[in-house]
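Q: Please see the structure below; I have some questions.
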Amino acid sequence: MQSLNTISPTLFEVIPYLVFTLALGLCVCLFILLKAEIHRKSARWDYAKKEMEQSLQLLRLQIQRLQESLHTTVQEAALNQAPTTAPPRQAINLNRRVQVLRLHKRGERPDQIAAAVGIPQNEVELMLKLQAAHTAAS
C-alpha cells in the first residue's frame, strides 16, 4: 500500500507538467498551421497582384493608343475643316426695339435699358438717336 501512496503523489506532481506540455505542443501545431495558411494566402495575393498589374498595363496601353488616335483625328479634322468666319450677328429684333423705346419713354436711362433688354448700351444709344432723327425728320 505504501508503494501506491508513493506513486500517487509523484503522478499528481507530473500531471500539470504533462498538461502544460500538451498545451504547448498544441500551440506549436496551431502556429505551424497558421504559418502555412498565411503562406498560401500570400501566394494567392501575389498571383492576383501580378494579374492586376498585367491588366493595368494593358489598360494603360489601350488608353495611350486611344489618346494617340484621338490626337490624330483632331488634327485631321482641323486640316479638313474649312476656315469659317464668324457668323453674322443677328439684326436687332423689332420687339427689342419697341421695348427699348417704351423703356425710354418711361424715363429709363440707356444703361438700365441695356441691362433690361440684354443688349449693349451703345446699341441702345444708337437706337435712341435713330428714333430721335426719325421723329425730327417726320
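Each chain of the C-alpha cells is named A, B, ... in the order shown, its residues numbered from 1; ligands are numbered from 1 in display order.
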Residues within 9 Å of Ala114 of chain A, please, as a VMD selection string. Count only C-alpha atoms; anything in the same chain fewer than 6 positions from it doesn't count.

A: chain A and resid 100 120 to 124

Q: Which residues come within 12 Å of Val98 of chain A, counting only C-alpha atoms, excluding same-chain residues fewer than 2 positions away, as a PyMOL selection string?

A: chain A and resi 92-96+100-105+113+117+124+127-128+131

Q: Which residues in chain A does DSSP call helix (DSSP H, G or I)? List them as a VMD selection string.

A: chain A and resid 2 to 80 94 to 105 110 to 117 121 to 137

Q: Using the selection just defined, write its residues with C-alpha atoms as a compact mmCIF listing (two decimals), in the first residue's frame.

A:
# COMPACT_ATOMS: atom_id res chain seq x y z
CA GLN A 2 2.81 2.28 0.63
CA SER A 3 4.02 1.93 -2.90
CA LEU A 4 0.66 3.19 -4.18
CA ASN A 5 0.84 6.20 -1.92
CA THR A 6 4.35 6.98 -3.07
CA ILE A 7 3.42 6.71 -6.77
CA SER A 8 0.29 8.71 -6.36
CA PRO A 9 1.91 11.96 -5.16
CA THR A 10 4.52 11.73 -7.89
CA LEU A 11 1.83 11.25 -10.53
CA PHE A 12 -0.07 14.21 -9.20
CA GLU A 13 3.07 16.30 -9.34
CA VAL A 14 3.74 15.35 -13.00
CA ILE A 15 0.18 15.88 -14.34
CA PRO A 16 0.42 19.72 -14.54
CA TYR A 17 3.67 19.38 -16.48
CA LEU A 18 2.05 16.89 -18.86
CA VAL A 19 -0.93 19.19 -19.41
CA PHE A 20 1.43 22.14 -19.97
CA THR A 21 3.49 20.10 -22.45
CA LEU A 22 0.35 19.03 -24.35
CA ALA A 23 -0.93 22.63 -24.45
CA LEU A 24 2.45 23.87 -25.63
CA GLY A 25 2.56 21.18 -28.32
CA LEU A 26 -0.95 22.14 -29.45
CA CYS A 27 0.08 25.82 -29.63
CA VAL A 28 3.13 24.94 -31.72
CA CYS A 29 0.94 22.83 -34.02
CA LEU A 30 -1.56 25.67 -34.42
CA PHE A 31 1.29 28.11 -35.07
CA ILE A 32 2.68 25.90 -37.83
CA LEU A 33 -0.80 25.53 -39.40
CA LEU A 34 -1.31 29.29 -39.25
CA LYS A 35 2.04 29.96 -40.91
CA ALA A 36 1.15 27.52 -43.70
CA GLU A 37 -2.22 29.24 -44.23
CA ILE A 38 -0.54 32.64 -44.33
CA HIS A 39 1.92 31.34 -46.91
CA ARG A 40 -0.93 30.02 -49.10
CA LYS A 41 -2.84 33.30 -48.86
CA SER A 42 0.32 35.25 -49.66
CA ALA A 43 0.89 33.14 -52.76
CA ARG A 44 -2.72 33.76 -53.89
CA TRP A 45 -2.36 37.51 -53.33
CA ASP A 46 0.90 37.57 -55.26
CA TYR A 47 -0.76 35.79 -58.18
CA ALA A 48 -3.75 38.15 -58.09
CA LYS A 49 -1.41 41.15 -57.85
CA LYS A 50 0.51 40.02 -60.93
CA GLU A 51 -2.74 39.57 -62.87
CA MET A 52 -3.93 43.04 -61.86
CA GLU A 53 -0.61 44.61 -62.82
CA GLN A 54 -0.81 42.94 -66.24
CA SER A 55 -4.39 44.16 -66.69
CA LEU A 56 -3.39 47.65 -65.61
CA GLN A 57 -0.52 47.65 -68.08
CA LEU A 58 -2.89 46.59 -70.88
CA LEU A 59 -5.35 49.32 -69.93
CA ARG A 60 -2.62 51.94 -69.91
CA LEU A 61 -1.51 50.79 -73.35
CA GLN A 62 -5.08 50.97 -74.65
CA ILE A 63 -5.53 54.45 -73.18
CA GLN A 64 -2.32 55.59 -74.82
CA ARG A 65 -3.44 54.21 -78.18
CA LEU A 66 -6.84 55.90 -77.82
CA GLN A 67 -5.19 59.20 -76.96
CA GLU A 68 -2.94 58.94 -79.99
CA SER A 69 -5.92 58.06 -82.17
CA LEU A 70 -7.91 60.98 -80.78
CA HIS A 71 -4.98 63.33 -81.33
CA THR A 72 -4.59 62.28 -84.97
CA THR A 73 -8.35 62.50 -85.52
CA VAL A 74 -8.44 66.02 -84.10
CA GLN A 75 -5.51 67.03 -86.30
CA GLU A 76 -7.18 65.56 -89.39
CA ALA A 77 -10.44 67.29 -88.54
CA ALA A 78 -8.63 70.59 -88.11
CA LEU A 79 -6.97 70.17 -91.50
CA ASN A 80 -10.19 69.12 -93.23
CA LEU A 94 -38.25 94.61 -83.69
CA ASN A 95 -39.67 93.57 -80.34
CA ARG A 96 -36.44 94.66 -78.67
CA ARG A 97 -36.57 97.99 -80.50
CA VAL A 98 -40.12 98.56 -79.32
CA GLN A 99 -39.12 97.53 -75.80
CA VAL A 100 -36.18 99.97 -75.84
CA LEU A 101 -38.41 102.82 -77.00
CA ARG A 102 -41.06 102.06 -74.37
CA LEU A 103 -38.49 101.99 -71.58
CA HIS A 104 -37.04 105.29 -72.85
CA LYS A 105 -40.48 106.88 -72.84
CA PRO A 110 -29.72 103.85 -71.51
CA ASP A 111 -27.60 101.69 -69.18
CA GLN A 112 -30.73 100.47 -67.38
CA ILE A 113 -32.46 99.79 -70.71
CA ALA A 114 -29.42 97.83 -71.94
CA ALA A 115 -29.42 95.69 -68.81
CA ALA A 116 -33.17 95.07 -69.01
CA VAL A 117 -33.22 94.17 -72.71
CA GLN A 121 -25.51 100.13 -74.12
CA ASN A 122 -24.07 101.63 -77.31
CA GLU A 123 -26.77 99.86 -79.34
CA VAL A 124 -29.44 101.32 -77.07
CA GLU A 125 -27.97 104.78 -77.52
CA LEU A 126 -27.81 104.28 -81.30
CA MET A 127 -31.46 103.19 -81.43
CA LEU A 128 -32.50 106.22 -79.41
CA LYS A 129 -30.52 108.56 -81.70
CA LEU A 130 -32.04 106.95 -84.82
CA GLN A 131 -35.51 107.27 -83.34
CA ALA A 132 -34.88 110.92 -82.48
CA ALA A 133 -33.60 111.59 -86.02
CA HIS A 134 -36.60 109.78 -87.50
CA THR A 135 -39.11 111.76 -85.44
CA ALA A 136 -37.26 115.02 -86.22
CA ALA A 137 -37.40 114.23 -89.95
